[in-house]
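One file, entry-v8.pdb, is given below (PDB, C-alpha atoms and all ligand atoms).
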ATOM      1  CA  MET A  21      69.245  57.620 101.395
ATOM      2  CA  ILE A  22      71.054  55.505 103.920
ATOM      3  CA  GLU A  23      74.666  55.844 104.982
ATOM      4  CA  ASN A  24      75.791  52.494 106.396
ATOM      5  CA  ASN A  25      72.872  52.312 108.760
ATOM      6  CA  TRP A  26      69.323  51.317 108.195
ATOM      7  CA  HIS A  27      65.972  52.833 108.754
ATOM      8  CA  PRO A  28      63.238  50.811 110.398
ATOM      9  CA  CYS A  29      60.118  49.741 108.485
ATOM     10  CA  SER A  30      57.959  52.812 108.727
ATOM     11  CA  HIS A  31      54.889  51.345 106.994
ATOM     12  CA  SER A  32      54.281  54.732 105.413
ATOM     13  CA  GLU A  33      52.513  55.082 102.064
ATOM     14  CA  ASN A  34      55.769  54.846 100.140
ATOM     15  CA  ASP A  35      57.253  52.102 102.232
ATOM     16  CA  CYS A  36      58.638  49.448  99.903
ATOM     17  CA  CYS A  37      58.667  46.817 102.670
ATOM     18  CA  ARG A  38      55.425  45.047 101.799
ATOM     19  CA  LEU A  39      54.876  41.944 103.871
ATOM     20  CA  CYS A  40      58.107  40.998 105.601
ATOM     21  CA  CYS A  41      61.752  41.947 105.767
ATOM     22  CA  THR A  42      65.181  40.820 106.823
ATOM     23  CA  LYS A  43      67.577  42.929 108.861
ATOM     24  CA  ILE A  44      71.307  42.353 108.888
ATOM     25  CA  GLU A  45      72.688  44.040 111.981
ATOM     26  CA  ASN A  46      76.321  44.930 112.634
ATOM     27  CA  PHE A  47      77.866  42.123 110.616
ATOM     28  CA  ASN A  48      81.651  41.768 110.920
ATOM     29  CA  VAL A  49      83.945  39.082 109.515
ATOM     30  CA  THR A  50      87.637  38.709 110.331
ATOM     31  CA  PHE A  51      89.861  35.933 108.965
ATOM     32  CA  GLY A  52      92.937  35.622 111.203
ATOM     33  CA  ASN A  53      94.212  39.187 111.551
ATOM     34  CA  THR A  54      92.457  40.400 108.417
ATOM     35  CA  GLN A  55      89.166  42.189 108.719
ATOM     36  CA  ILE A  56      87.110  41.396 105.608
ATOM     37  CA  PHE A  57      84.244  43.761 106.406
ATOM     38  CA  HIS A  58      82.848  45.573 109.412
ATOM     39  CA  ASP A  59      79.636  47.189 110.631
ATOM     40  CA  VAL A  60      77.452  46.001 107.777
ATOM     41  CA  ASN A  61      73.824  46.951 108.395
ATOM     42  CA  LEU A  62      71.238  46.253 105.736
ATOM     43  CA  HIS A  63      67.492  46.248 105.665
ATOM     44  CA  ILE A  64      66.357  43.897 102.912
ATOM     45  CA  HIS A  65      62.778  44.374 101.799
ATOM     46  CA  CYS A  66      60.578  41.593 100.520
ATOM     47  CA  GLY A  67      59.443  41.894  96.928
ATOM     48  CA  GLU A  68      62.683  43.698  96.114
ATOM     49  CA  LEU A  69      65.891  42.840  94.354
ATOM     50  CA  THR A  70      68.894  44.239  96.209
ATOM     51  CA  ALA A  71      72.128  44.135  94.210
ATOM     52  CA  ILE A  72      75.496  44.139  95.955
ATOM     53  CA  ILE A  73      78.315  45.603  93.901
ATOM     54  CA  GLY A  74      81.942  46.247  94.760
ATOM     55  CA  PRO A  75      85.475  45.614  93.549
ATOM     56  CA  ASN A  76      87.156  42.193  93.651
ATOM     57  CA  GLY A  77      87.913  41.175  97.219
ATOM     58  CA  ALA A  78      85.412  43.664  98.674
ATOM     59  CA  GLY A  79      83.839  40.938 100.809
ATOM     60  CA  LYS A  80      80.649  40.377  98.782
ATOM     61  CA  SER A  81      80.721  36.550  98.706
ATOM     62  CA  THR A  82      81.897  36.456 102.311
ATOM     63  CA  LEU A  83      78.903  38.560 103.325
ATOM     64  CA  LEU A  84      76.515  36.033 101.748
ATOM     65  CA  LYS A  85      78.361  33.184 103.502
ATOM     66  CA  ALA A  86      78.085  35.054 106.802
ATOM     67  CA  ILE A  87      74.325  35.504 106.273
ATOM     68  CA  LEU A  88      74.131  31.755 105.593
ATOM     69  CA  GLY A  89      76.109  31.089 108.792
ATOM     70  CA  GLU A  90      78.875  29.373 106.797
ATOM     71  CA  VAL A  91      81.643  31.690 108.012
ATOM     72  CA  LYS A  92      82.275  32.850 111.551
ATOM     73  CA  HIS A  93      80.953  36.356 112.065
ATOM     74  CA  THR A  94      79.546  38.705 114.630
ATOM     75  CA  GLY A  95      76.213  40.423 114.197
ATOM     76  CA  VAL A  96      72.592  39.405 114.098
ATOM     77  CA  LEU A  97      70.236  38.370 111.315
ATOM     78  CA  ASN A  98      66.603  39.126 112.047
ATOM     79  CA  TYR A  99      63.570  38.179 110.023
ATOM     80  CA  PHE A 100      60.214  39.860 110.459
ATOM     81  CA  ASP A 101      57.105  38.282 109.049
ATOM     82  CA  ALA A 102      54.099  39.933 107.434
ATOM     83  CA  LYS A 103      52.568  40.993 110.740
ATOM     84  CA  GLY A 104      55.761  42.647 111.952
ATOM     85  CA  VAL A 105      56.134  40.043 114.675
ATOM     86  CA  HIS A 106      59.710  38.887 115.123
ATOM     87  CA  SER A 107      59.920  35.459 113.571
ATOM     88  CA  GLY A 108      63.579  34.631 114.011
ATOM     89  CA  HIS A 109      65.742  33.290 111.242
ATOM     90  CA  PRO A 110      64.583  33.453 107.620
ATOM     91  CA  LEU A 111      64.417  30.409 105.389
ATOM     92  CA  ILE A 112      67.327  31.039 103.008
ATOM     93  CA  GLY A 113      67.885  29.868  99.429
ATOM     94  CA  TYR A 114      71.413  30.182  98.032
ATOM     95  CA  VAL A 115      73.012  29.965  94.607
ATOM     96  CA  PRO A 116      76.812  29.900  94.991
ATOM     97  CA  GLN A 117      79.340  31.587  92.720
ATOM     98  CA  TYR A 118      81.044  28.259  91.969
ATOM     99  CA  LEU A 119      80.090  24.611  92.231
ATOM    100  CA  ASN A 120      82.931  22.117  92.286
ATOM    101  CA  PHE A 121      81.912  18.715  90.995
ATOM    102  CA  ASP A 122      83.279  16.009  88.727
ATOM    103  CA  LEU A 123      82.343  17.125  85.209
ATOM    104  CA  SER A 124      82.375  13.499  84.027
ATOM    105  CA  THR A 125      79.666  12.456  86.507
ATOM    106  CA  PRO A 126      76.775  10.593  84.821
ATOM    107  CA  THR A 127      74.345  12.390  87.189
ATOM    108  CA  SER A 128      71.578  14.156  85.267
ATOM    109  CA  VAL A 129      69.448  17.132  86.278
ATOM    110  CA  LEU A 130      66.567  14.715  86.962
ATOM    111  CA  ASP A 131      68.857  12.579  89.193
ATOM    112  CA  LEU A 132      69.885  15.672  91.152
ATOM    113  CA  PHE A 133      66.292  16.728  91.823
ATOM    114  CA  THR A 134      65.171  13.151  92.543
ATOM    115  CA  ALA A 135      67.897  12.850  95.190
ATOM    116  CA  TYR A 136      66.880  16.230  96.621
ATOM    117  CA  LEU A 137      63.101  15.707  96.630
ATOM    118  CA  THR A 138      62.842  12.051  97.646
ATOM    119  CA  ASN A 139      64.502   9.488  99.892
ATOM    120  CA  ILE A 140      64.649   7.013  97.050
ATOM    121  CA  PRO A 141      68.073   6.365  95.416
ATOM    122  CA  CYS A 142      67.790   8.069  92.030
ATOM    123  CA  TRP A 143      69.076   5.008  90.131
ATOM    124  CA  LEU A 144      66.138   2.979  91.490
ATOM    125  CA  THR A 145      63.340   5.213  90.370
ATOM    126  CA  SER A 146      62.010   6.527  87.104
ATOM    127  CA  SER A 147      58.639   7.583  88.467
ATOM    128  CA  LYS A 148      56.508   9.645  86.099
ATOM    129  CA  ARG A 149      55.176  11.564  89.094
ATOM    130  CA  ILE A 150      58.660  12.739  90.090
ATOM    131  CA  ARG A 151      59.580  13.516  86.509
ATOM    132  CA  ASP A 152      56.438  15.658  86.140
ATOM    133  CA  GLN A 153      57.179  17.392  89.439
ATOM    134  CA  VAL A 154      60.766  18.173  88.368
ATOM    135  CA  CYS A 155      59.518  19.375  84.991
ATOM    136  CA  GLN A 156      57.173  21.831  86.709
ATOM    137  CA  ILE A 157      60.030  23.114  88.880
ATOM    138  CA  LEU A 158      62.293  23.547  85.856
ATOM    139  CA  VAL A 159      59.624  25.502  83.980
ATOM    140  CA  LYS A 160      60.066  28.279  86.584
ATOM    141  CA  VAL A 161      63.660  28.768  85.400
ATOM    142  CA  LYS A 162      62.992  28.063  81.704
ATOM    143  CA  ALA A 163      65.020  24.846  81.885
ATOM    144  CA  GLU A 164      62.504  22.037  81.371
ATOM    145  CA  HIS A 165      64.382  20.945  78.220
ATOM    146  CA  LEU A 166      67.459  20.249  80.392
ATOM    147  CA  ILE A 167      65.839  17.572  82.553
ATOM    148  CA  ASP A 168      67.874  14.684  81.102
ATOM    149  CA  ARG A 169      71.103  16.650  80.571
ATOM    150  CA  ARG A 170      74.217  15.498  82.439
ATOM    151  CA  LEU A 171      75.288  18.101  85.008
ATOM    152  CA  GLY A 172      78.772  18.265  83.490
ATOM    153  CA  ALA A 173      77.305  19.024  80.056
ATOM    154  CA  LEU A 174      75.419  22.131  81.222
ATOM    155  CA  SER A 175      76.697  25.565  80.234
ATOM    156  CA  GLY A 176      77.514  28.058  83.005
ATOM    157  CA  GLY A 177      74.172  29.820  82.542
ATOM    158  CA  GLU A 178      72.200  26.566  82.449
ATOM    159  CA  LEU A 179      73.870  25.304  85.636
ATOM    160  CA  GLN A 180      73.104  28.623  87.316
ATOM    161  CA  ARG A 181      69.395  28.242  86.432
ATOM    162  CA  ILE A 182      69.320  24.647  87.709
ATOM    163  CA  LEU A 183      70.876  25.770  91.008
ATOM    164  CA  LEU A 184      68.344  28.598  91.158
ATOM    165  CA  ALA A 185      65.515  26.066  90.723
ATOM    166  CA  LEU A 186      66.955  23.963  93.569
ATOM    167  CA  SER A 187      67.193  27.012  95.822
ATOM    168  CA  LEU A 188      63.469  27.681  95.259
ATOM    169  CA  GLU A 189      62.339  24.341  96.740
ATOM    170  CA  PRO A 190      60.658  25.416  98.927
ATOM    171  CA  ILE A 191      60.317  29.145  98.179
ATOM    172  CA  PRO A 192      62.632  30.822 100.709
ATOM    173  CA  ASP A 193      62.083  34.056 102.637
ATOM    174  CA  LEU A 194      65.491  35.286 101.541
ATOM    175  CA  LEU A 195      67.204  34.323  98.289
ATOM    176  CA  LEU A 196      70.985  34.854  98.046
ATOM    177  CA  LEU A 197      72.473  34.804  94.546
ATOM    178  CA  ASP A 198      76.225  34.967  94.010
ATOM    179  CA  GLU A 199      76.723  35.603  90.325
ATOM    180  CA  PRO A 200      79.708  33.857  88.705
ATOM    181  CA  VAL A 201      82.430  36.316  87.659
ATOM    182  CA  SER A 202      82.761  34.578  84.274
ATOM    183  CA  GLY A 203      81.450  31.659  82.225
ATOM    184  CA  ILE A 204      78.002  33.058  81.386
ATOM    185  CA  ASP A 205      77.324  34.880  78.141
ATOM    186  CA  GLN A 206      75.260  38.064  77.932
ATOM    187  CA  ASN A 207      72.104  36.237  76.787
ATOM    188  CA  GLY A 208      72.438  33.789  79.675
ATOM    189  CA  LEU A 209      72.875  36.657  82.126
ATOM    190  CA  GLU A 210      69.840  38.528  80.813
ATOM    191  CA  LEU A 211      67.713  35.376  80.981
ATOM    192  CA  PHE A 212      68.806  34.843  84.578
ATOM    193  CA  TYR A 213      67.934  38.431  85.517
ATOM    194  CA  ASP A 214      64.553  38.120  83.775
ATOM    195  CA  ILE A 215      63.748  34.985  85.774
ATOM    196  CA  VAL A 216      64.874  36.570  89.045
ATOM    197  CA  SER A 217      62.824  39.636  88.213
ATOM    198  CA  ASP A 218      59.708  37.471  87.686
ATOM    199  CA  LEU A 219      60.353  35.706  90.997
ATOM    200  CA  ARG A 220      60.428  39.042  92.752
ATOM    201  CA  ALA A 221      57.103  39.976  91.158
ATOM    202  CA  ASN A 222      55.358  36.653  91.797
ATOM    203  CA  HIS A 223      56.658  35.618  95.215
ATOM    204  CA  ASP A 224      57.063  37.753  98.279
ATOM    205  CA  LEU A 225      60.678  36.952  98.883
ATOM    206  CA  SER A 226      63.671  39.205  99.418
ATOM    207  CA  ILE A 227      66.503  38.791  96.943
ATOM    208  CA  ILE A 228      70.144  39.736  97.448
ATOM    209  CA  LEU A 229      72.165  39.412  94.281
ATOM    210  CA  ILE A 230      75.925  39.915  93.997
ATOM    211  CA  SER A 231      76.454  41.282  90.532
ATOM    212  CA  HIS A 232      79.411  42.166  88.345
ATOM    213  CA  ASP A 233      77.275  43.580  85.538
ATOM    214  CA  LEU A 234      76.452  47.193  86.309
ATOM    215  CA  ASN A 235      74.186  47.548  83.273
ATOM    216  CA  LEU A 236      71.965  44.706  84.437
ATOM    217  CA  VAL A 237      71.984  46.088  87.971
ATOM    218  CA  ALA A 238      70.847  49.468  86.645
ATOM    219  CA  LYS A 239      68.079  47.738  84.650
ATOM    220  CA  TYR A 240      66.747  45.250  87.202
ATOM    221  CA  ALA A 241      67.703  46.159  90.796
ATOM    222  CA  ASP A 242      65.399  48.029  93.146
ATOM    223  CA  ARG A 243      68.247  48.878  95.509
ATOM    224  CA  VAL A 244      72.000  48.836  95.150
ATOM    225  CA  VAL A 245      74.574  48.418  97.910
ATOM    226  CA  LEU A 246      78.190  49.374  97.254
ATOM    227  CA  LEU A 247      80.300  47.196  99.530
ATOM    228  CA  ASN A 248      84.015  47.671 100.010
ATOM    229  CA  GLY A 249      85.049  46.537 103.472
ATOM    230  CA  THR A 250      81.797  48.061 104.742
ATOM    231  CA  VAL A 251      78.681  49.552 103.160
ATOM    232  CA  ILE A 252      79.963  52.579 101.266
ATOM    233  CA  CYS A 253      76.562  53.593  99.993
ATOM    234  CA  ASN A 254      73.101  52.150  99.637
ATOM    235  CA  GLY A 255      70.094  53.404  97.694
ATOM    236  CA  SER A 256      68.298  53.330  94.343
ATOM    237  CA  PRO A 257      70.441  52.440  91.293
ATOM    238  CA  GLU A 258      70.414  56.084  90.206
ATOM    239  CA  GLU A 259      71.467  57.322  93.625
ATOM    240  CA  VAL A 260      74.306  54.846  93.954
ATOM    241  CA  PHE A 261      75.564  55.127  90.373
ATOM    242  CA  ASN A 262      75.455  58.926  90.575
ATOM    243  CA  ASP A 263      77.547  58.961  93.730
ATOM    244  CA  VAL A 264      81.139  60.000  93.287
ATOM    245  CA  ARG A 265      82.295  57.172  95.564
ATOM    246  CA  THR A 266      80.830  54.614  93.150
ATOM    247  CA  ARG A 267      82.585  56.337  90.289
ATOM    248  CA  ASN A 268      85.819  56.269  92.254
ATOM    249  CA  VAL A 269      85.510  52.471  92.458
ATOM    250  CA  PHE A 270      84.205  51.701  88.964
ATOM    251  CA  GLY A 271      85.380  54.741  86.958
ATOM    252  CA  MET A 272      84.133  54.960  83.378
ATOM    253  CA  LEU A 273      82.041  51.792  83.764
ATOM    254  CA  VAL A 274      79.484  53.719  85.796
ATOM    255  CA  GLN A 275      79.290  56.506  83.268
ATOM    256  CA  HIS A 276      78.527  53.989  80.500
ATOM    257  CA  THR A 277      76.032  52.197  82.736
ATOM    258  CA  MET A 278      73.961  55.234  83.565
ATOM    259  CA  GLN A 279      74.438  57.097  80.312
ATOM    260  CA  GLY A 280      71.750  59.692  80.083
ATOM    261  CA  LYS A 281      70.774  59.244  83.705
ATOM    262  CA  VAL A 282      73.932  60.469  85.427
ATOM    263  CA  GLN A 283      73.743  63.875  87.044
ATOM    264  CA  PRO A 284      76.778  66.089  87.598
ATOM    265  CA  ASP A 285      79.044  64.840  90.411
ATOM    266  CA  LYS A 286      77.630  65.542  93.840
ATOM    267  CA  GLU A 287      80.015  64.187  96.419
ATOM    268  CA  GLY A 288      78.132  62.340  99.125
ATOM    269  CA  SER A 289      74.871  63.887  97.995
ATOM    270  CA  SER A 290      72.960  60.723  97.372
ATOM    271  CA  CYS A 291      74.531  58.019  99.477
TER     272      CYS A 291
HETATM  273  N1  LIG A 301      88.308  31.420 103.995
HETATM  274  C1  LIG A 301      89.050  32.516 103.829
HETATM  275  N2  LIG A 301      90.191  32.697 104.525
HETATM  276  C2  LIG A 301      90.930  33.808 104.381
HETATM  277  N3  LIG A 301      90.619  34.823 103.544
HETATM  278  C3  LIG A 301      89.497  34.685 102.818
HETATM  279  C4  LIG A 301      88.665  33.535 102.907
HETATM  280  N4  LIG A 301      87.608  33.691 102.063
HETATM  281  C5  LIG A 301      87.796  34.882 101.465
HETATM  282  N5  LIG A 301      88.924  35.474 101.909
HETATM  283  C6  LIG A 301      89.436  36.790 101.519
HETATM  284  O1  LIG A 301      88.417  37.723 101.851
HETATM  285  C7  LIG A 301      88.422  38.785 100.895
HETATM  286  C8  LIG A 301      87.005  38.951 100.356
HETATM  287  O2  LIG A 301      86.689  37.812  99.548
HETATM  288  P1  LIG A 301      85.288  37.682  98.830
HETATM  289  O3  LIG A 301      85.308  36.416  98.038
HETATM  290  O4  LIG A 301      84.205  37.854  99.822
HETATM  291  O5  LIG A 301      85.326  38.947  97.861
HETATM  292  P2  LIG A 301      84.317  39.350  96.715
HETATM  293  O6  LIG A 301      83.946  40.773  96.941
HETATM  294  O7  LIG A 301      83.210  38.363  96.620
HETATM  295  O8  LIG A 301      85.284  39.249  95.442
HETATM  296  P3  LIG A 301      84.974  38.850  93.906
HETATM  297  O9  LIG A 301      84.222  40.000  93.302
HETATM  298  O10 LIG A 301      86.356  38.737  93.329
HETATM  299  O11 LIG A 301      84.221  37.552  93.875
HETATM  300  C9  LIG A 301      89.430  38.401  99.816
HETATM  301  O12 LIG A 301      90.626  39.123 100.073
HETATM  302  C10 LIG A 301      89.629  36.922 100.018
HETATM  303  O13 LIG A 301      90.925  36.542  99.656
END
Represent the supplied structure as structure tokens.
Amino acid sequence: MIENNWHPCSHSENDCCRLCCTKIENFNVTFGNTQIFHDVNLHIHCGELTAIIGPNGAGKSTLLKAILGEVKHTGVLNYFDAKGVHSGHPLIGYVPQYLNFDLSTPTSVLDLFTAYLTNIPCWLTSSKRIRDQVCQILVKVKAEHLIDRRLGALSGGELQRILLALSLEPIPDLLLLDEPVSGIDQNGLELFYDIVSDLRANHDLSIILISHDLNLVAKYADRVVLLNGTVICNGSPEEVFNDVRTRNVFGMLVQHTMQGKVQPDKEGSSC
């Protein structure tokens, strides 16, 4: 169990770092005089889904933006490839929490991908080759039936899957997913988690997912990080949800989440 510091890849028998990994070292973000988070150290393993949980305003989205380099921060992001040779910065895919666009835009899903994949203005082309290519991409996120849908007519869950598909072209080393706080129904959420889970199994990429649904985190995540101004605790879902500090933040929610799995309170025992 790790307390706001990481352990190096040990390559032991039980090491869950399979081919490559990403290390976030001493990340700090301050806006004006306000420190958003400090001393964040995380070791993200490939082939694993790491869920970040925490209360509103804990700094979760800001951490993803810092990893992306979108907000000013201190600290270092290191990516290590399969051979353990330092290979610099990872290729990052990102699905944001919100996307602001004109809901009345006539732009379709196919237009969006055509603009992304080619240099040809999307209103000039209706190539079967591109359509087939986009269809194949959309199959990965169970959204091939949405190819001609206007972006503004997509539901929250559908838009999230389209953005996920975009973030997978090409398959990144590190996938950052910032789950919307609202606007996606339970079925949509479960479908999204199923797809992300398959990605983890079929591609050797590391996934960091900000989640507000503790039940889905308990079901799908390999590791959980409780963030609240810094890493409060970090470990398996059971370890983190059994920690009294997680219960202090989420209260009864955690008890419902881990019903049947929760052990008696052990302060600081697991995180
Ligand atoms: N550009 C900014 N300038 C100043 N303060 C900011 C900026 N962006 C975020 N903040 C503040 O940083 C804090 C952390 O915000 P952040 O969005 O990272 O939280 P979060 O944990 O993702 O919250 P939520 O669960 O509500 O999405 C908040 O208090 C927010 O108001």
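Using only C-alpha atoms, the smallest distance between any of A:Leu194, A:Asn120, A:Val159, A:Asn46 and Leu88 (chain A) comes from A:Leu194.
Residue selection for this entry, given the PyMOL selection byres (((chain A and resi 78) around 9) and not hetatm), comprises A:Ile56, A:Phe57, A:Ile73, A:Gly74, A:Pro75, A:Asn76, A:Gly77, A:Gly79, A:Lys80, A:Ser81, A:Thr82, A:Leu247, A:Asn248, A:Gly249, A:Thr250.
We find CA of Arg265 (chain A) and CA of Ala71 (chain A) to be spaced 16.6 Å apart.
With all atoms listed in the file as the basis for measurement, A:Ile87 is the residue among A:Ile87, A:Arg170, A:Ser147, A:Ser256 that approaches Leu111 (chain A) most closely.
Shortest atom-to-atom contact with ligand LIG 301 (chain A) among A:Asp152, A:Asp168, A:Asp193, A:Glu90: A:Glu90, counting all atoms listed in the file.
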Residue contacts of Phe47 (chain A) (7 Å, all atoms listed in the file) excluding same-chain residues fewer than 2 positions away, as a count of residues only:
11
Expansion of the PyMOL selection byres (((chain A and resi 172-182) around 10) and not hetatm) into residues, as a ChimeraX atom specification:
/A:115-119,121-129,132-133,157-158,160-164,166-167,169-171,183-187,197-200,202-212,215-216
Mind writing the picked residues with C-alpha atoms as a tab-separated table (two decimals), in the frame of the given file?
chain	number	residue	atom	x	y	z
A	115	VAL	CA	73.01	29.96	94.61
A	116	PRO	CA	76.81	29.90	94.99
A	117	GLN	CA	79.34	31.59	92.72
A	118	TYR	CA	81.04	28.26	91.97
A	119	LEU	CA	80.09	24.61	92.23
A	121	PHE	CA	81.91	18.72	91.00
A	122	ASP	CA	83.28	16.01	88.73
A	123	LEU	CA	82.34	17.12	85.21
A	124	SER	CA	82.38	13.50	84.03
A	125	THR	CA	79.67	12.46	86.51
A	126	PRO	CA	76.78	10.59	84.82
A	127	THR	CA	74.34	12.39	87.19
A	128	SER	CA	71.58	14.16	85.27
A	129	VAL	CA	69.45	17.13	86.28
A	132	LEU	CA	69.89	15.67	91.15
A	133	PHE	CA	66.29	16.73	91.82
A	157	ILE	CA	60.03	23.11	88.88
A	158	LEU	CA	62.29	23.55	85.86
A	160	LYS	CA	60.07	28.28	86.58
A	161	VAL	CA	63.66	28.77	85.40
A	162	LYS	CA	62.99	28.06	81.70
A	163	ALA	CA	65.02	24.85	81.89
A	164	GLU	CA	62.50	22.04	81.37
A	166	LEU	CA	67.46	20.25	80.39
A	167	ILE	CA	65.84	17.57	82.55
A	169	ARG	CA	71.10	16.65	80.57
A	170	ARG	CA	74.22	15.50	82.44
A	171	LEU	CA	75.29	18.10	85.01
A	183	LEU	CA	70.88	25.77	91.01
A	184	LEU	CA	68.34	28.60	91.16
A	185	ALA	CA	65.52	26.07	90.72
A	186	LEU	CA	66.96	23.96	93.57
A	187	SER	CA	67.19	27.01	95.82
A	197	LEU	CA	72.47	34.80	94.55
A	198	ASP	CA	76.22	34.97	94.01
A	199	GLU	CA	76.72	35.60	90.32
A	200	PRO	CA	79.71	33.86	88.70
A	202	SER	CA	82.76	34.58	84.27
A	203	GLY	CA	81.45	31.66	82.22
A	204	ILE	CA	78.00	33.06	81.39
A	205	ASP	CA	77.32	34.88	78.14
A	206	GLN	CA	75.26	38.06	77.93
A	207	ASN	CA	72.10	36.24	76.79
A	208	GLY	CA	72.44	33.79	79.68
A	209	LEU	CA	72.88	36.66	82.13
A	210	GLU	CA	69.84	38.53	80.81
A	211	LEU	CA	67.71	35.38	80.98
A	212	PHE	CA	68.81	34.84	84.58
A	215	ILE	CA	63.75	34.98	85.77
A	216	VAL	CA	64.87	36.57	89.04
Report as a ChimeraX atom specification the full result of the PyMOL selection byres (((chain A and resi 217-219) around 9) and not hetatm) when it is applied to this structure.
/A:67-69,160,212-216,220-225,240-241
Emit a file covering region 60-77 of chain A of the preceding structure with N, CA and C atoms, as a tab-separated table (two decimals), in the first residue's frame.
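Contents of the output file selection37.tsv:
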chain	number	residue	atom	x	y	z
A	60	VAL	N	1.87	15.46	-5.61
A	60	VAL	CA	1.16	14.28	-6.14
A	60	VAL	C	2.18	13.40	-6.86
A	61	ASN	N	2.31	12.19	-6.37
A	61	ASN	CA	3.19	11.18	-6.98
A	61	ASN	C	2.35	9.95	-7.29
A	62	LEU	N	2.34	9.56	-8.55
A	62	LEU	CA	1.57	8.37	-8.92
A	62	LEU	C	2.36	7.54	-9.90
A	63	HIS	N	2.23	6.27	-9.75
A	63	HIS	CA	2.86	5.33	-10.68
A	63	HIS	C	1.73	4.60	-11.39
A	64	ILE	N	1.52	4.93	-12.66
A	64	ILE	CA	0.39	4.39	-13.40
A	64	ILE	C	0.87	3.22	-14.25
A	65	HIS	N	0.28	2.07	-14.02
A	65	HIS	CA	0.73	0.86	-14.70
A	65	HIS	C	-0.06	0.62	-15.98
A	66	CYS	N	0.63	0.16	-17.00
A	66	CYS	CA	-0.06	-0.17	-18.24
A	66	CYS	C	-0.92	-1.42	-18.03
A	67	GLY	N	-1.99	-1.49	-18.80
A	67	GLY	CA	-2.91	-2.62	-18.65
A	67	GLY	C	-3.79	-2.51	-17.43
A	68	GLU	N	-3.76	-1.32	-16.78
A	68	GLU	CA	-4.56	-1.13	-15.58
A	68	GLU	C	-5.44	0.09	-15.69
A	69	LEU	N	-6.56	0.01	-15.00
A	69	LEU	CA	-7.47	1.15	-14.90
A	69	LEU	C	-7.32	1.75	-13.50
A	70	THR	N	-6.81	2.97	-13.46
A	70	THR	CA	-6.65	3.67	-12.18
A	70	THR	C	-7.74	4.71	-12.06
A	71	ALA	N	-8.58	4.59	-11.04
A	71	ALA	CA	-9.67	5.54	-10.84
A	71	ALA	C	-9.26	6.60	-9.82
A	72	ILE	N	-9.53	7.86	-10.15
A	72	ILE	CA	-9.28	8.93	-9.19
A	72	ILE	C	-10.63	9.37	-8.63
A	73	ILE	N	-10.75	9.31	-7.32
A	73	ILE	CA	-11.98	9.75	-6.66
A	73	ILE	C	-11.63	10.89	-5.71
A	74	GLY	N	-12.63	11.62	-5.30
A	74	GLY	CA	-12.40	12.72	-4.35
A	74	GLY	C	-13.60	13.64	-4.36
A	75	PRO	N	-13.73	14.49	-3.37
A	75	PRO	CA	-14.89	15.38	-3.31
A	75	PRO	C	-14.82	16.45	-4.38
A	76	ASN	N	-15.90	17.18	-4.58
A	76	ASN	CA	-15.92	18.30	-5.53
A	76	ASN	C	-14.83	19.29	-5.15
A	77	GLY	N	-14.10	19.75	-6.17
A	77	GLY	CA	-13.06	20.75	-5.93
A	77	GLY	C	-11.76	20.17	-5.40
